[in-house]
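Quick notes on the structure that follows.
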Amino acid sequence: MDLTFLLMTLLKIVLICFVFAMILGAILTWGERKLSAVVQDRIGPNRASILGVTALGLMHPIADMLKAFTKEDFVPAGANRFLFAMAPMLAMVPPLVVFAVVPFGPGPDFVIAPLDTGVLFIFAIGGMGIYGATLGGWSSNNSFALLGSLRAAAQMISYEVSMGLNLVGIFMIFGTVSLSNIVLGQGQLLWGWLPMWGIVVQPVAFILFMTASMAENKRAPFDLPEGESEILGYNLEYSSMRFALFFLSEFVEIVVIAAMAATLFFGGWQIPWVDPQGTAGGWITVGQVAAFVGKVVFLCWVQLIIRWTLPRFRYDQVMALGWKYLLPLSLLNIVATAVVLAML
Amino acid sequence: MTAELLIFYFMAIMAVGGAVCVVLPPFGRNPLHAALALLVSFFFVAGIFVMLSAHLVAVLQILVYAGAVMVLFVFVVMLLNLKKDELKGARWTPWKVFGVGAGLVMFTKLALAVVVVTEGETPVNLAAEGFTGYGGIHDVGAALVTTYLLPFELTSILLLVAIIGAVLVARRQTGGAS
């Protein structure tokens, strides 16, 4: 526990949580609008500029941030002021904390805390995100916000179950829940040529996991807790930076889901057939970190495309999908994986 | 006093303090505040588990109690959304007296057990003794499905009974309505 270790850890926290996750989250707010514009045959954000430089509308996240900072911070009458102030923080912190166990490259240098309970830690901390949405709606002293937060609590706790069960197959195949070891396990080759990525050995689990985690993130097609066209949602009474924190936390959660999916199903920092043990060093290590970041960005894009392609569900459909289809399918997937593993 | 002891006392005071806040005013007056005080207590108990090298139990404490059980508590509190006048003032009922008495007996028993077991023992540094996997997912999991298989399975039956009971209660209500 010497000073260099502490400083290195602090540096990693700043680089991973704030530089990587939050900036990628901010860029995703631009990506979302630009992508929706392309999908809907519009031009999208193109006006905000610094000294005439618009950079394809990339100045918009900065403009949004300034706007959020300078707007009036409104607290409704009868609100529970303490919880009203706490809720946006409770929404923002868990998605940043889970990056502690995500390996960005080979070896312990590229991960903040290489815990051997890695994936369980992500679920434990990620599950805290529910409190932000539920307490935000409850403390607002608004019936519609309360409805939104009740929906959020019910939806998130339902999908958390199948989200966790989907990964049991991965744990069984690689024999570990440590993210670093799962990535190392995915460096093996199947039949001597096919990289043993999670999506190759557990394709059903990947689809179920993405569905469950997008529902967990409360975005369309599962945006019932927000329900813009009916109840306006749990963050209805929030304004200025507090609203922006709720808004940004959803985009950081997109990055979290992409990072988890990349680590568990797309081989993490593995480049196929190149240096599966991650011991090469030099430019190959740089390439492996770049490969991980590239996979994360790709999976973020996939989530945005899904969000702008599918229409939203009705609330009873969301619940039926979670409990009657996703959960039995996840359990079937576990049984099938166990049978296959026992026969091999 | 070592740093470890200081951290332990901090966590212990916060854990006990959170638990006390659940039942005593001002937090105990509001069901949601009481639930959140219990959440604080859970987190610091998890911290004490980490200090005992019980990493898996610490993570499960957060995952199950803070992440699932408390969310359901908060959900029910919000669903009922009781106003101040609907919450009756605290009164002493025979059951509450019985509960406090049972709690005191349990506390004395446990405290005595801790004192008796740890008397004359010196702290052991497990990492230095070579217990690298101690408290990790592999060792705890192996112990659960070998040495402690019977208690483990009996606990699952207990949970199954609770689930069936909940379904039965829910069904009876809808059956009466139709």
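A note on labels: chains of the structure tokens are A, B, ... as shown, every chain counts residues from 1, and ligands are counted from 1 in their shown order.
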
With the cut-off set at 8 Å and counting only C-alpha atoms, tabulate each residue of chain B with an atom at most that distance from an atom of chain A, showing the nearest atom pair and its distance in Å to one decimal, ordered by chain and increasing number, as CSV.
```
residue,atom,partner,partner_atom,distance
B:His55,CA,A:Thr117,CA,7.4
B:Leu56,CA,A:Thr117,CA,6.6
B:Val59,CA,A:Phe121,CA,6.0
B:Leu60,CA,A:Ala124,CA,7.4
B:Ile62,CA,A:Ala124,CA,5.5
B:Leu63,CA,A:Ala124,CA,4.1
B:Val64,CA,A:Ala124,CA,7.8
B:Ala66,CA,A:Met128,CA,7.5
B:Gly67,CA,A:Gly127,CA,5.1
B:Ala68,CA,A:Ile157,CA,7.1
B:Val71,CA,A:Ala153,CA,7.3
B:Phe75,CA,A:Ala153,CA,6.6
B:Met78,CA,A:Trp138,CA,6.9
B:Leu79,CA,A:Leu150,CA,7.2
B:Gly136,CA,A:Asp116,CA,7.1
B:Ile137,CA,A:Thr117,CA,6.5
```

Find the residues near range 292-301 of chain A: any atom within 9 Å, counting only C-alpha atoms, skip ones fewer than 6 places away on the same chain, and give them as an MDAnalysis selection string. chainID A and resid 24 28 31:32 35 104:105 254:263 266:271

Can you tell me which residues surround Asn333 in chain A at a distance of at most 10 Å, considering only C-alpha atoms, apart from same-chain residues fewer than 4 positions away, and format the answer as a PyMOL selection string? chain A and resi 165-169+202-205+208+327-329+337-339

Looking only at the backbone, which of the residues in range 51-178 of chain A does DSSP tag as helix (DSSP H, G or I), as a ChimeraX atom specification? /A:55-57,60-70,81-101,108-110,118-126,129-139,143-166,168-174

Pairwise distance for CA of Gly18 in chain B and CA of Pro95 in chain A, rounded to one decimal in Å: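 Taking CA of Gly18 in chain B and CA of Pro95 in chain A, their separation equals 24.7 Å.
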
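With CA of Met8 in chain A on one side and CA of Val98 in chain A on the other, the separation reads 18.1 Å.
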
Leaving out Val22 in chain B and any residue of its chain fewer than 2 positions from it, which residues lie within 8 Å of it when counting only C-alpha atoms, given as a list in words? Gly18, Ala19, Val20, Leu24, Phe27, Gly28, His33, Ala34, Ala35, Ala37 and Leu38 of chain B

Writer output for current selection, C-alpha atoms, as a compact mmCIF listing (two decimals), in the first residue's frame:
```txt
# COMPACT_ATOMS: atom_id res chain seq x y z
CA GLY B 18 -27.55 2.82 10.77
CA ALA B 19 -29.41 -0.04 12.42
CA VAL B 20 -30.35 2.16 15.39
CA LEU B 24 -35.45 5.51 16.47
CA PHE B 27 -35.36 8.58 10.75
CA GLY B 28 -37.58 5.85 12.19
CA HIS B 33 -35.86 7.00 5.71
CA ALA B 34 -35.81 3.94 7.95
CA ALA B 35 -35.32 1.68 4.91
CA ALA B 37 -30.82 3.81 7.14
CA LEU B 38 -30.94 0.01 7.00
```

Quick one, how far is CA of Phe74 in chain A from CA of Ala244 in chain A? 13.0 Å
